[in-house]
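The structure file coords.pdb is reproduced below (PDB, C-alpha atoms (C1' of nucleotides)).
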ATOM      1  CA  MET A 682      26.315 -16.639  18.959
ATOM      2  CA  ALA A 683      24.489 -15.397  21.968
ATOM      3  CA  GLN A 684      21.143 -16.338  20.584
ATOM      4  CA  ALA A 685      22.220 -19.729  19.347
ATOM      5  CA  LYS A 686      23.461 -20.572  22.779
ATOM      6  CA  ALA A 687      20.291 -19.395  24.425
ATOM      7  CA  ILE A 688      18.161 -21.717  22.359
ATOM      8  CA  GLU A 689      20.309 -24.750  22.334
ATOM      9  CA  VAL A 690      17.827 -26.473  24.579
ATOM     10  CA  ARG A 691      16.506 -28.915  21.947
ATOM     11  CA  PRO A 692      15.476 -31.805  24.167
ATOM     12  CA  VAL A 693      15.370 -34.201  21.259
ATOM     13  CA  GLU A 694      17.977 -36.666  22.440
ATOM     14  CA  SER A 695      16.043 -39.228  24.342
ATOM     15  CA  GLY A 696      18.560 -41.965  23.876
ATOM     16  CA  ASN A 697      16.248 -44.414  22.167
ATOM     17  CA  GLY A 698      16.383 -42.365  19.014
ATOM     18  CA  ALA A 699      13.712 -40.792  16.810
ATOM     19  CA  THR A 700      11.323 -40.009  19.627
ATOM     20  CA  ASP A 701      10.219 -36.591  20.789
ATOM     21  CA  ARG A 702      10.288 -35.319  17.200
ATOM     22  CA  CYS A 703       8.017 -32.530  16.114
ATOM     23  CA  PRO A 704       5.602 -34.048  13.600
ATOM     24  CA  MET A 705       5.070 -30.673  11.982
ATOM     25  CA  ILE A 706       8.739 -30.231  11.255
ATOM     26  CA  ASP A 707       8.808 -33.752   9.883
ATOM     27  CA  PHE A 708       5.872 -32.903   7.670
ATOM     28  CA  VAL A 709       7.474 -29.779   6.275
ATOM     29  CA  ASN A 710      10.625 -31.752   5.585
ATOM     30  CA  LEU A 711       8.535 -34.281   3.734
ATOM     31  CA  VAL A 712       6.486 -31.973   1.543
ATOM     32  CA  SER A 713       7.938 -28.522   1.134
ATOM     33  CA  GLY A 714       7.811 -25.948  -1.572
ATOM     34  CA  LYS A 715       5.217 -24.200  -3.615
ATOM     35  CA  TRP A 716       4.058 -27.206  -5.608
ATOM     36  CA  ALA A 717       4.461 -30.256  -3.390
ATOM     37  CA  ILE A 718       1.000 -30.326  -1.818
ATOM     38  CA  PRO A 719      -0.891 -29.434  -4.995
ATOM     39  CA  ILE A 720       0.867 -32.235  -6.890
ATOM     40  CA  LEU A 721       0.345 -34.765  -4.141
ATOM     41  CA  TYR A 722      -3.300 -33.874  -3.773
ATOM     42  CA  ARG A 723      -3.881 -34.128  -7.480
ATOM     43  CA  LEU A 724      -2.332 -37.592  -7.516
ATOM     44  CA  ILE A 725      -4.523 -38.570  -4.604
ATOM     45  CA  VAL A 726      -7.827 -37.426  -6.039
ATOM     46  CA  THR A 727      -6.882 -38.995  -9.329
ATOM     47  CA  GLY A 728      -6.723 -42.527  -8.010
ATOM     48  CA  CYS A 729      -5.168 -44.096 -11.045
ATOM     49  CA  PRO A 730      -1.937 -43.785 -13.019
ATOM     50  CA  ILE A 731      -1.566 -40.498 -14.803
ATOM     51  CA  ARG A 732       0.910 -39.474 -17.464
ATOM     52  CA  PHE A 733       3.421 -36.740 -16.895
ATOM     53  CA  GLY A 734       1.930 -34.319 -19.392
ATOM     54  CA  GLU A 735      -1.585 -34.748 -18.128
ATOM     55  CA  LEU A 736      -0.418 -34.153 -14.569
ATOM     56  CA  GLN A 737       1.401 -31.027 -15.630
ATOM     57  CA  ARG A 738      -1.730 -29.647 -17.269
ATOM     58  CA  ALA A 739      -3.733 -30.532 -14.170
ATOM     59  CA  VAL A 740      -1.392 -28.715 -11.794
ATOM     60  CA  ALA A 741      -1.695 -25.558 -13.791
ATOM     61  CA  PRO A 742       1.310 -23.412 -14.489
ATOM     62  CA  ILE A 743       3.987 -25.623 -12.992
ATOM     63  CA  THR A 744       7.104 -25.983 -15.101
ATOM     64  CA  GLN A 745       8.301 -29.303 -16.422
ATOM     65  CA  LYS A 746      11.461 -29.088 -14.414
ATOM     66  CA  GLU A 747       9.772 -28.482 -11.102
ATOM     67  CA  LEU A 748       7.213 -31.224 -11.648
ATOM     68  CA  THR A 749       9.969 -33.696 -12.441
ATOM     69  CA  ARG A 750      11.923 -32.708  -9.382
ATOM     70  CA  GLN A 751       8.985 -33.047  -7.002
ATOM     71  CA  LEU A 752       7.861 -36.362  -8.481
ATOM     72  CA  ARG A 753      11.312 -37.827  -8.034
ATOM     73  CA  LEU A 754      11.337 -36.721  -4.437
ATOM     74  CA  PHE A 755       7.950 -38.305  -3.820
ATOM     75  CA  GLU A 756       9.057 -41.498  -5.503
ATOM     76  CA  HIS A 757      12.159 -41.630  -3.351
ATOM     77  CA  ARG A 758      10.041 -41.232  -0.258
ATOM     78  CA  GLY A 759       7.603 -43.952  -1.170
ATOM     79  CA  LEU A 760       4.625 -41.695  -1.781
ATOM     80  CA  VAL A 761       4.440 -42.116  -5.554
ATOM     81  CA  TYR A 762       5.053 -44.901  -8.051
ATOM     82  CA  ARG A 763       6.833 -44.142 -11.306
ATOM     83  CA  ARG A 764       6.505 -46.461 -14.291
ATOM     84  CA  VAL A 765       8.441 -45.938 -17.504
ATOM     85  CA  TYR A 766       7.295 -47.562 -20.731
ATOM     86  CA  ALA A 767       9.867 -48.140 -23.441
ATOM     87  CA  GLU A 768       7.717 -46.671 -26.179
ATOM     88  CA  MET A 769       8.702 -44.105 -28.583
ATOM     89  CA  PRO A 770       6.736 -41.124 -27.863
ATOM     90  CA  PRO A 771       7.995 -41.569 -24.296
ATOM     91  CA  ARG A 772       5.438 -42.564 -21.729
ATOM     92  CA  VAL A 773       5.862 -42.299 -17.981
ATOM     93  CA  GLU A 774       3.027 -42.796 -15.559
ATOM     94  CA  TYR A 775       2.788 -41.719 -11.962
ATOM     95  CA  GLU A 776       0.481 -43.079  -9.307
ATOM     96  CA  ILE A 777      -0.032 -42.476  -5.643
ATOM     97  CA  THR A 778       1.110 -45.338  -3.405
ATOM     98  CA  PRO A 779      -1.036 -46.856  -0.658
ATOM     99  CA  LEU A 780       1.049 -44.931   1.843
ATOM    100  CA  GLY A 781       0.419 -41.674   0.026
ATOM    101  CA  ARG A 782      -3.245 -42.521  -0.194
ATOM    102  CA  THR A 783      -3.524 -42.492   3.576
ATOM    103  CA  LEU A 784      -3.004 -38.733   3.427
ATOM    104  CA  ARG A 785      -6.311 -38.295   1.669
ATOM    105  CA  GLY A 786      -8.445 -37.481   4.693
ATOM    106  CA  THR A 787      -6.019 -34.941   6.017
ATOM    107  CA  LEU A 788      -5.600 -33.184   2.700
ATOM    108  CA  ASP A 789      -9.338 -33.183   2.078
ATOM    109  CA  SER A 790      -9.780 -31.471   5.407
ATOM    110  CA  LEU A 791      -7.130 -28.942   4.497
ATOM    111  CA  ALA A 792      -8.737 -28.214   1.145
ATOM    112  CA  ASP A 793     -12.149 -27.840   2.741
ATOM    113  CA  TRP A 794     -10.798 -25.393   5.292
ATOM    114  CA  MET A 795      -9.121 -23.377   2.601
ATOM    115  CA  ARG A 796     -12.202 -23.266   0.419
ATOM    116  CA  ALA A 797     -14.272 -22.145   3.398
ATOM    117  CA  ASN A 798     -11.862 -19.423   4.488
ATOM    118  CA  ALA A 799     -10.109 -18.208   1.375
ATOM    119  CA  SER A 800     -12.429 -15.226   1.194
ATOM    120  CA  HIS A 801     -11.583 -13.875   4.669
ATOM    121  CA  LEU A 802      -7.870 -14.115   4.202
ATOM    122  CA  ILE A 803      -5.601 -11.420   2.962
ATOM    123  CA  THR A 804      -3.290 -12.588   0.247
TER     124      THR A 804
ATOM    125  CA  MET B 942     -18.675 -32.212  -2.549
ATOM    126  CA  ALA B 943     -16.826 -30.916  -5.574
ATOM    127  CA  GLN B 944     -13.768 -33.011  -5.040
ATOM    128  CA  ALA B 945     -15.779 -36.199  -5.404
ATOM    129  CA  LYS B 946     -15.888 -35.387  -9.092
ATOM    130  CA  ALA B 947     -12.154 -35.974  -9.030
ATOM    131  CA  ILE B 948     -10.280 -34.693 -12.025
ATOM    132  CA  GLU B 949     -11.759 -31.430 -12.973
ATOM    133  CA  VAL B 950      -8.911 -30.195 -15.022
ATOM    134  CA  ARG B 951      -7.793 -26.716 -14.188
ATOM    135  CA  PRO B 952      -9.292 -24.266 -16.663
ATOM    136  CA  VAL B 953      -6.128 -22.458 -17.547
ATOM    137  CA  GLU B 954      -7.615 -19.046 -18.158
ATOM    138  CA  SER B 955      -4.351 -17.237 -18.576
ATOM    139  CA  GLY B 956      -5.792 -14.328 -20.448
ATOM    140  CA  ASN B 957      -8.293 -12.761 -18.090
ATOM    141  CA  GLY B 958      -8.515 -12.493 -14.333
ATOM    142  CA  ALA B 959      -7.281 -15.604 -12.605
ATOM    143  CA  THR B 960     -10.337 -17.372 -11.273
ATOM    144  CA  ASP B 961      -8.917 -20.886 -11.437
ATOM    145  CA  ARG B 962      -8.233 -21.163  -7.721
ATOM    146  CA  CYS B 963      -6.766 -24.292  -6.277
ATOM    147  CA  PRO B 964      -7.285 -24.494  -2.505
ATOM    148  CA  MET B 965      -3.944 -26.191  -2.114
ATOM    149  CA  ILE B 966      -2.123 -23.396  -3.868
ATOM    150  CA  ASP B 967      -4.031 -20.946  -1.693
ATOM    151  CA  PHE B 968      -2.916 -22.867   1.350
ATOM    152  CA  VAL B 969       0.722 -22.870   0.366
ATOM    153  CA  ASN B 970       0.507 -19.155  -0.279
ATOM    154  CA  LEU B 971      -0.963 -18.721   3.175
ATOM    155  CA  VAL B 972       1.508 -20.779   5.180
ATOM    156  CA  SER B 973       4.762 -21.418   3.435
ATOM    157  CA  GLY B 974       8.262 -22.036   4.603
ATOM    158  CA  LYS B 975      10.038 -24.257   7.001
ATOM    159  CA  TRP B 976       8.588 -22.786  10.179
ATOM    160  CA  ALA B 977       5.085 -21.585   9.388
ATOM    161  CA  ILE B 978       3.151 -24.730  10.281
ATOM    162  CA  PRO B 979       5.174 -25.560  13.399
ATOM    163  CA  ILE B 980       4.643 -22.039  14.737
ATOM    164  CA  LEU B 981       0.972 -22.000  13.918
ATOM    165  CA  TYR B 982       0.404 -25.391  15.468
ATOM    166  CA  ARG B 983       2.223 -24.396  18.616
ATOM    167  CA  LEU B 984       0.041 -21.318  18.939
ATOM    168  CA  ILE B 985      -3.027 -23.456  18.429
ATOM    169  CA  VAL B 986      -2.217 -26.108  21.004
ATOM    170  CA  THR B 987      -1.215 -23.398  23.411
ATOM    171  CA  GLY B 988      -4.613 -21.822  23.553
ATOM    172  CA  CYS B 989      -3.615 -18.724  25.443
ATOM    173  CA  PRO B 990      -1.339 -15.730  24.887
ATOM    174  CA  ILE B 991       2.314 -16.641  24.825
ATOM    175  CA  ARG B 992       5.369 -14.419  24.963
ATOM    176  CA  PHE B 993       7.870 -14.176  22.154
ATOM    177  CA  GLY B 994      10.736 -15.794  23.987
ATOM    178  CA  GLU B 995       8.651 -18.648  25.261
ATOM    179  CA  LEU B 996       7.355 -19.311  21.778
ATOM    180  CA  GLN B 997      10.868 -19.285  20.410
ATOM    181  CA  ARG B 998      11.983 -21.867  22.947
ATOM    182  CA  ALA B 999       8.922 -23.963  22.136
ATOM    183  CA  VAL B1000       9.584 -23.988  18.413
ATOM    184  CA  ALA B1001      13.094 -25.177  18.966
ATOM    185  CA  PRO B1002      15.957 -23.894  16.893
ATOM    186  CA  ILE B1003      14.120 -21.178  15.011
ATOM    187  CA  THR B1004      15.957 -17.889  14.834
ATOM    188  CA  GLN B1005      14.595 -14.688  16.260
ATOM    189  CA  LYS B1006      14.425 -13.103  12.872
ATOM    190  CA  GLU B1007      12.441 -15.867  11.284
ATOM    191  CA  LEU B1008       9.996 -16.110  14.156
ATOM    192  CA  THR B1009       9.391 -12.379  14.025
ATOM    193  CA  ARG B1010       8.856 -12.470  10.282
ATOM    194  CA  GLN B1011       6.380 -15.335  10.392
ATOM    195  CA  LEU B1012       4.440 -13.871  13.300
ATOM    196  CA  ARG B1013       4.041 -10.589  11.471
ATOM    197  CA  LEU B1014       2.768 -12.433   8.422
ATOM    198  CA  PHE B1015       0.257 -14.360  10.491
ATOM    199  CA  GLU B1016      -0.869 -11.189  12.183
ATOM    200  CA  HIS B1017      -1.372  -9.489   8.848
ATOM    201  CA  ARG B1018      -3.467 -12.411   7.659
ATOM    202  CA  GLY B1019      -5.684 -12.475  10.702
ATOM    203  CA  LEU B1020      -4.448 -15.760  12.103
ATOM    204  CA  VAL B1021      -2.621 -14.348  15.113
ATOM    205  CA  TYR B1022      -3.109 -11.485  17.571
ATOM    206  CA  ARG B1023      -0.110  -9.440  18.633
ATOM    207  CA  ARG B1024      -0.249  -7.397  21.821
ATOM    208  CA  VAL B1025       2.548  -5.097  22.889
ATOM    209  CA  TYR B1026       2.866  -3.958  26.510
ATOM    210  CA  ALA B1027       4.702  -0.749  27.212
ATOM    211  CA  GLU B1028       6.765  -2.224  30.003
ATOM    212  CA  MET B1029      10.403  -2.079  30.392
ATOM    213  CA  PRO B1030      11.617  -5.461  29.916
ATOM    214  CA  PRO B1031       9.685  -5.454  26.671
ATOM    215  CA  ARG B1032       6.723  -7.770  26.577
ATOM    216  CA  VAL B1033       4.884  -8.860  23.482
ATOM    217  CA  GLU B1034       2.301 -11.591  23.507
ATOM    218  CA  TYR B1035       0.957 -13.612  20.633
ATOM    219  CA  GLU B1036      -2.276 -15.548  20.496
ATOM    220  CA  ILE B1037      -4.112 -17.555  17.895
ATOM    221  CA  THR B1038      -7.281 -15.876  16.591
ATOM    222  CA  PRO B1039     -10.643 -17.625  16.349
ATOM    223  CA  LEU B1040     -10.052 -17.961  12.629
ATOM    224  CA  GLY B1041      -6.697 -19.598  13.195
ATOM    225  CA  ARG B1042      -8.249 -21.831  15.801
ATOM    226  CA  THR B1043     -10.499 -23.388  13.170
ATOM    227  CA  LEU B1044      -7.411 -25.003  11.677
ATOM    228  CA  ARG B1045      -7.001 -27.143  14.758
ATOM    229  CA  GLY B1046      -8.747 -30.263  13.486
ATOM    230  CA  THR B1047      -6.895 -30.263  10.222
ATOM    231  CA  LEU B1048      -3.506 -29.762  11.819
ATOM    232  CA  ASP B1049      -4.204 -32.392  14.444
ATOM    233  CA  SER B1050      -4.970 -34.830  11.661
ATOM    234  CA  LEU B1051      -1.770 -33.867   9.931
ATOM    235  CA  ALA B1052       0.281 -34.355  13.064
ATOM    236  CA  ASP B1053      -1.338 -37.713  13.724
ATOM    237  CA  TRP B1054      -0.573 -38.900  10.217
ATOM    238  CA  MET B1055       2.999 -37.800  10.528
ATOM    239  CA  ARG B1056       3.474 -39.467  13.891
ATOM    240  CA  ALA B1057       2.011 -42.688  12.512
ATOM    241  CA  ASN B1058       4.132 -42.708   9.383
ATOM    242  CA  ALA B1059       7.380 -40.999  10.235
ATOM    243  CA  SER B1060       9.083 -44.326  10.683
ATOM    244  CA  HIS B1061       8.329 -45.600   7.144
ATOM    245  CA  LEU B1062       9.457 -42.464   5.432
ATOM    246  CA  ILE B1063      12.873 -41.771   4.090
ATOM    247  CA  THR B1064      14.201 -38.436   5.113
TER     248      THR B1064
ATOM    249  C1'  DT C1235      30.472  -2.986  37.673
ATOM    250  C1'  DA C1236      29.397  -6.581  34.740
ATOM    251  C1'  DT C1237      26.268  -9.473  32.772
ATOM    252  C1'  DA C1238      22.057 -11.363  31.114
ATOM    253  C1'  DG C1239      17.274 -11.043  29.493
ATOM    254  C1'  DT C1240      13.693  -8.842  26.405
ATOM    255  C1'  DA C1241      11.750  -8.158  21.569
ATOM    256  C1'  DG C1242      13.083  -6.804  18.237
ATOM    257  C1'  DG C1243      15.729  -4.024  13.720
ATOM    258  C1'  DC C1244      19.297  -4.117  10.206
ATOM    259  C1'  DA C1245      22.924  -5.741   7.048
ATOM    260  C1'  DC C1246      25.155  -9.472   4.970
ATOM    261  C1'  DC C1247      25.493 -13.919   3.049
ATOM    262  C1'  DG C1248      24.887 -18.692   1.264
ATOM    263  C1'  DA C1249      21.467 -22.084   0.118
ATOM    264  C1'  DA C1250      17.269 -23.389  -1.710
ATOM    265  C1'  DT C1251      13.557 -22.578  -4.728
ATOM    266  C1'  DG C1252      11.632 -21.894  -8.985
ATOM    267  C1'  DG C1253      11.201 -19.959 -13.747
ATOM    268  C1'  DG C1254      12.942 -19.674 -18.773
ATOM    269  C1'  DT C1255      15.068 -21.312 -22.728
ATOM    270  C1'  DA C1256      17.285 -24.623 -25.390
ATOM    271  C1'  DC C1257      18.281 -29.277 -26.394
ATOM    272  C1'  DT C1258      17.516 -34.417 -26.806
ATOM    273  C1'  DA C1259      15.467 -39.133 -28.557
ATOM    274  C1'  DA C1260      12.592 -41.900 -31.889
ATOM    275  C1'  DA C1261       8.511 -42.318 -34.273
ATOM    276  C1'  DG C1262       4.460 -40.626 -37.168
ATOM    277  C1'  DG C1263       2.326 -37.542 -40.416
ATOM    278  C1'  DA C1264       2.150 -33.800 -44.195
TER     279       DA C1264
ATOM    280  C1'  DT D 467      12.152 -32.722 -45.661
ATOM    281  C1'  DC D 468      10.124 -30.627 -41.992
ATOM    282  C1'  DC D 469       7.132 -30.546 -38.022
ATOM    283  C1'  DT D 470       5.106 -32.518 -33.882
ATOM    284  C1'  DT D 471       4.793 -35.187 -29.601
ATOM    285  C1'  DT D 472       6.769 -36.817 -24.919
ATOM    286  C1'  DA D 473       9.456 -36.739 -20.864
ATOM    287  C1'  DG D 474      12.817 -35.307 -19.722
ATOM    288  C1'  DT D 475      18.077 -32.824 -18.962
ATOM    289  C1'  DA D 476      21.369 -28.856 -18.862
ATOM    290  C1'  DC D 477      22.236 -24.350 -18.074
ATOM    291  C1'  DC D 478      21.356 -19.701 -16.499
ATOM    292  C1'  DC D 479      19.169 -16.460 -13.748
ATOM    293  C1'  DA D 480      16.099 -13.969 -10.145
ATOM    294  C1'  DT D 481      13.841 -14.376  -5.983
ATOM    295  C1'  DT D 482      13.100 -16.162  -1.551
ATOM    296  C1'  DC D 483      14.423 -18.488   2.624
ATOM    297  C1'  DG D 484      16.785 -18.641   6.504
ATOM    298  C1'  DG D 485      21.068 -18.182   9.416
ATOM    299  C1'  DT D 486      24.673 -15.178  11.673
ATOM    300  C1'  DG D 487      26.348 -11.205  13.730
ATOM    301  C1'  DC D 488      25.770  -6.689  15.517
ATOM    302  C1'  DC D 489      22.899  -3.006  17.330
ATOM    303  C1'  DT D 490      19.196  -0.865  20.829
ATOM    304  C1'  DA D 491      16.896   0.667  25.722
ATOM    305  C1'  DC D 492      16.061  -0.569  29.904
ATOM    306  C1'  DT D 493      16.030  -3.532  34.073
ATOM    307  C1'  DA D 494      17.211  -7.040  37.373
ATOM    308  C1'  DT D 495      20.598  -9.680  39.366
ATOM    309  C1'  DA D 496      25.237 -11.257  40.786
TER     310       DA D 496
END

Could you render the structure from this file as structure tokens?
Amino acid sequence: MAQAKAIEVRPVESGNGATDRCPMIDFVNLVSGKWAIPILYRLIVTGCPIRFGELQRAVAPITQKELTRQLRLFEHRGLVYRRVYAEMPPRVEYEITPLGRTLRGTLDSLADWMRANASHLIT
Amino acid sequence: MAQAKAIEVRPVESGNGATDRCPMIDFVNLVSGKWAIPILYRLIVTGCPIRFGELQRAVAPITQKELTRQLRLFEHRGLVYRRVYAEMPPRVEYEITPLGRTLRGTLDSLADWMRANASHLIT
DNA sequence: TATAGTAGGCACCGAATGGGTACTAAAGGA
DNA sequence: TCCTTTAGTACCCATTCGGTGCCTACTATA
């Protein structure tokens, strides 16, 4: 209780709403979890529609359940398209949206940094 | 560079040593959780040493415990310096390391993207 | 004297995350 | 008849994440 009161500062309320937000907190709310960024980046570098199974193989040892969950979240947030084909071996394709595509530069930069520094970092 | 080749499918070498590194998975392993990126970015934009309490107020409603935990992780990974002063109101200062500082461009880009797109995104 | 600030540590707890297995549907092939 | 493929869903479980409350040792201030 003491500490919650001490920190209650939170100057977010500006009156006009939605200003003064922390973009980093927004970002973590948008893509959180172990697999979110790897999936998103894979969809970005693949520029075209990709089937569920192929995506799962591309994102290495992710489980079916987790991939489904993340893709639905991305779809709901407008970062990924989902197209279902009424065929009998089921076919569902996922594709990055134009909005999601705008993340490319940022994620490239992140991947480059990681590739350059992975060796100096303690796991 | 390599990523221009787009879909190089992960070589799922499950049997031997794991050499199929994905920089994005490395990144998530490095900074994961709700508060990691906000803390790191705050330390980066503040270029100088900053005390624990001040940092906690800056990163808004983070708890003491979580801030301590993340800072220790960053210290262990060489992203943050931790200096303890043997004074009586205890004083501990944290500062981004040169290595951590190299993330600045990437995180700036990330923050810019988020600021530009926060309004179109469903929470 | 009483209280607050400082930078934590420690125990407890619920929520979120993520993995594993089993199951489904309809079609094709042996 | 059985097996396989595909994109899931349902259920169970372990781990992690993160919040709360309670403790310290000492000092400065009201």

Next item on the list: Can you check which residues of chain B have any atom within 10 Å of chain D? Use all atoms listed in the file and format it as a ChimeraX atom specification.
Entry: /B:974-976,1003-1004,1006-1007,1028-1031

Next item on the list: Please provide as a ChimeraX atom specification all residues within 8 Å of segment 1239-1245 of chain C, with the sequence filter that same-chain residues fewer than 4 positions apart are discarded (counting only C-alpha atoms (C1' of nucleotides)).
Entry: /B:993-994,1009,1030-1033

For C-alpha atoms, I'd like the residues from the last selection saved as a PDB file, in the frame of the given file.
ATOM      1  CA  PHE B 993       7.870 -14.176  22.154  1.00  0.00           C
ATOM      2  CA  GLY B 994      10.736 -15.794  23.987  1.00  0.00           C
ATOM      3  CA  THR B1009       9.391 -12.379  14.025  1.00  0.00           C
ATOM      4  CA  PRO B1030      11.617  -5.461  29.916  1.00  0.00           C
ATOM      5  CA  PRO B1031       9.685  -5.454  26.671  1.00  0.00           C
ATOM      6  CA  ARG B1032       6.723  -7.770  26.577  1.00  0.00           C
ATOM      7  CA  VAL B1033       4.884  -8.860  23.482  1.00  0.00           C
TER       8      VAL B1033
END

Checklist line | Over all C-alpha atoms paired in order - RMSD of chain A on chain B | finding: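 It comes to 6.8 Å after superposition.
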
Item checked: Chain and number of each residue from the PyMOL selection byres ((chain C) within 9 of (chain A)), as a list in words -> DT1251, DG1252, DG1253, DA1259, DA1260 and DA1261 of chain C

Residues at most 10 Å from Thr1047 of chain B, counting all atoms listed in the file, excluding those fewer than 5 positions away in the same chain, as a PDB file with C-alpha atoms, in the coordinates of the input?
ATOM      1  CA  GLY A 786      -8.445 -37.481   4.693  1.00  0.00           C
ATOM      2  CA  THR A 787      -6.019 -34.941   6.017  1.00  0.00           C
ATOM      3  CA  LEU A 788      -5.600 -33.184   2.700  1.00  0.00           C
ATOM      4  CA  ASP A 789      -9.338 -33.183   2.078  1.00  0.00           C
ATOM      5  CA  SER A 790      -9.780 -31.471   5.407  1.00  0.00           C
ATOM      6  CA  LEU A 791      -7.130 -28.942   4.497  1.00  0.00           C
ATOM      7  CA  ALA A 792      -8.737 -28.214   1.145  1.00  0.00           C
ATOM      8  CA  ASP A 793     -12.149 -27.840   2.741  1.00  0.00           C
ATOM      9  CA  TRP A 794     -10.798 -25.393   5.292  1.00  0.00           C
TER      10      TRP A 794
ATOM     11  CA  ALA B1052       0.281 -34.355  13.064  1.00  0.00           C
ATOM     12  CA  ASP B1053      -1.338 -37.713  13.724  1.00  0.00           C
TER      13      ASP B1053
END

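Residues matched by the PyMOL selection byres ((chain A) within 6 of (chain B)) in this file: A:Arg691, A:Pro704, A:Met705, A:Pro719, A:Val726, A:Ala739, A:Arg758, A:Thr787, A:Ser790, A:Leu791, A:Ala792, A:Met795, A:Arg796, A:Leu802, A:Ile803.
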
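For the pair atom CA of Val761 of chain A and atom C1' of DA1249 of chain C, the separation is 26.9 Å.
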
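Picture a line from atom CA of Thr1038 of chain B to atom CA of Ile985 of chain B; it runs 8.9 Å.
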
Next item on the list: Quote the spacing between atom CA of Glu776 of chain A and atom CA of Tyr762 of chain A in Å to one decimal place.
Entry: 5.1 Å

Check: For Arg992 of chain B, which residue out of B:Tyr1035, B:Val972, B:Val1025, B:Leu1012 is the nearest one, using all atoms listed in the file?
Finding: B:Tyr1035

Draw an axis-aligned box tight on the listed atoms of segment 1041-1056 of chain B, then pad every side by 8 Å and write out centre and edge lengths in Å to one decimal as JSON.
{"center_x": -3.5, "center_y": -29.5, "center_z": 12.9, "size_x": 30.0, "size_y": 35.9, "size_z": 21.9}
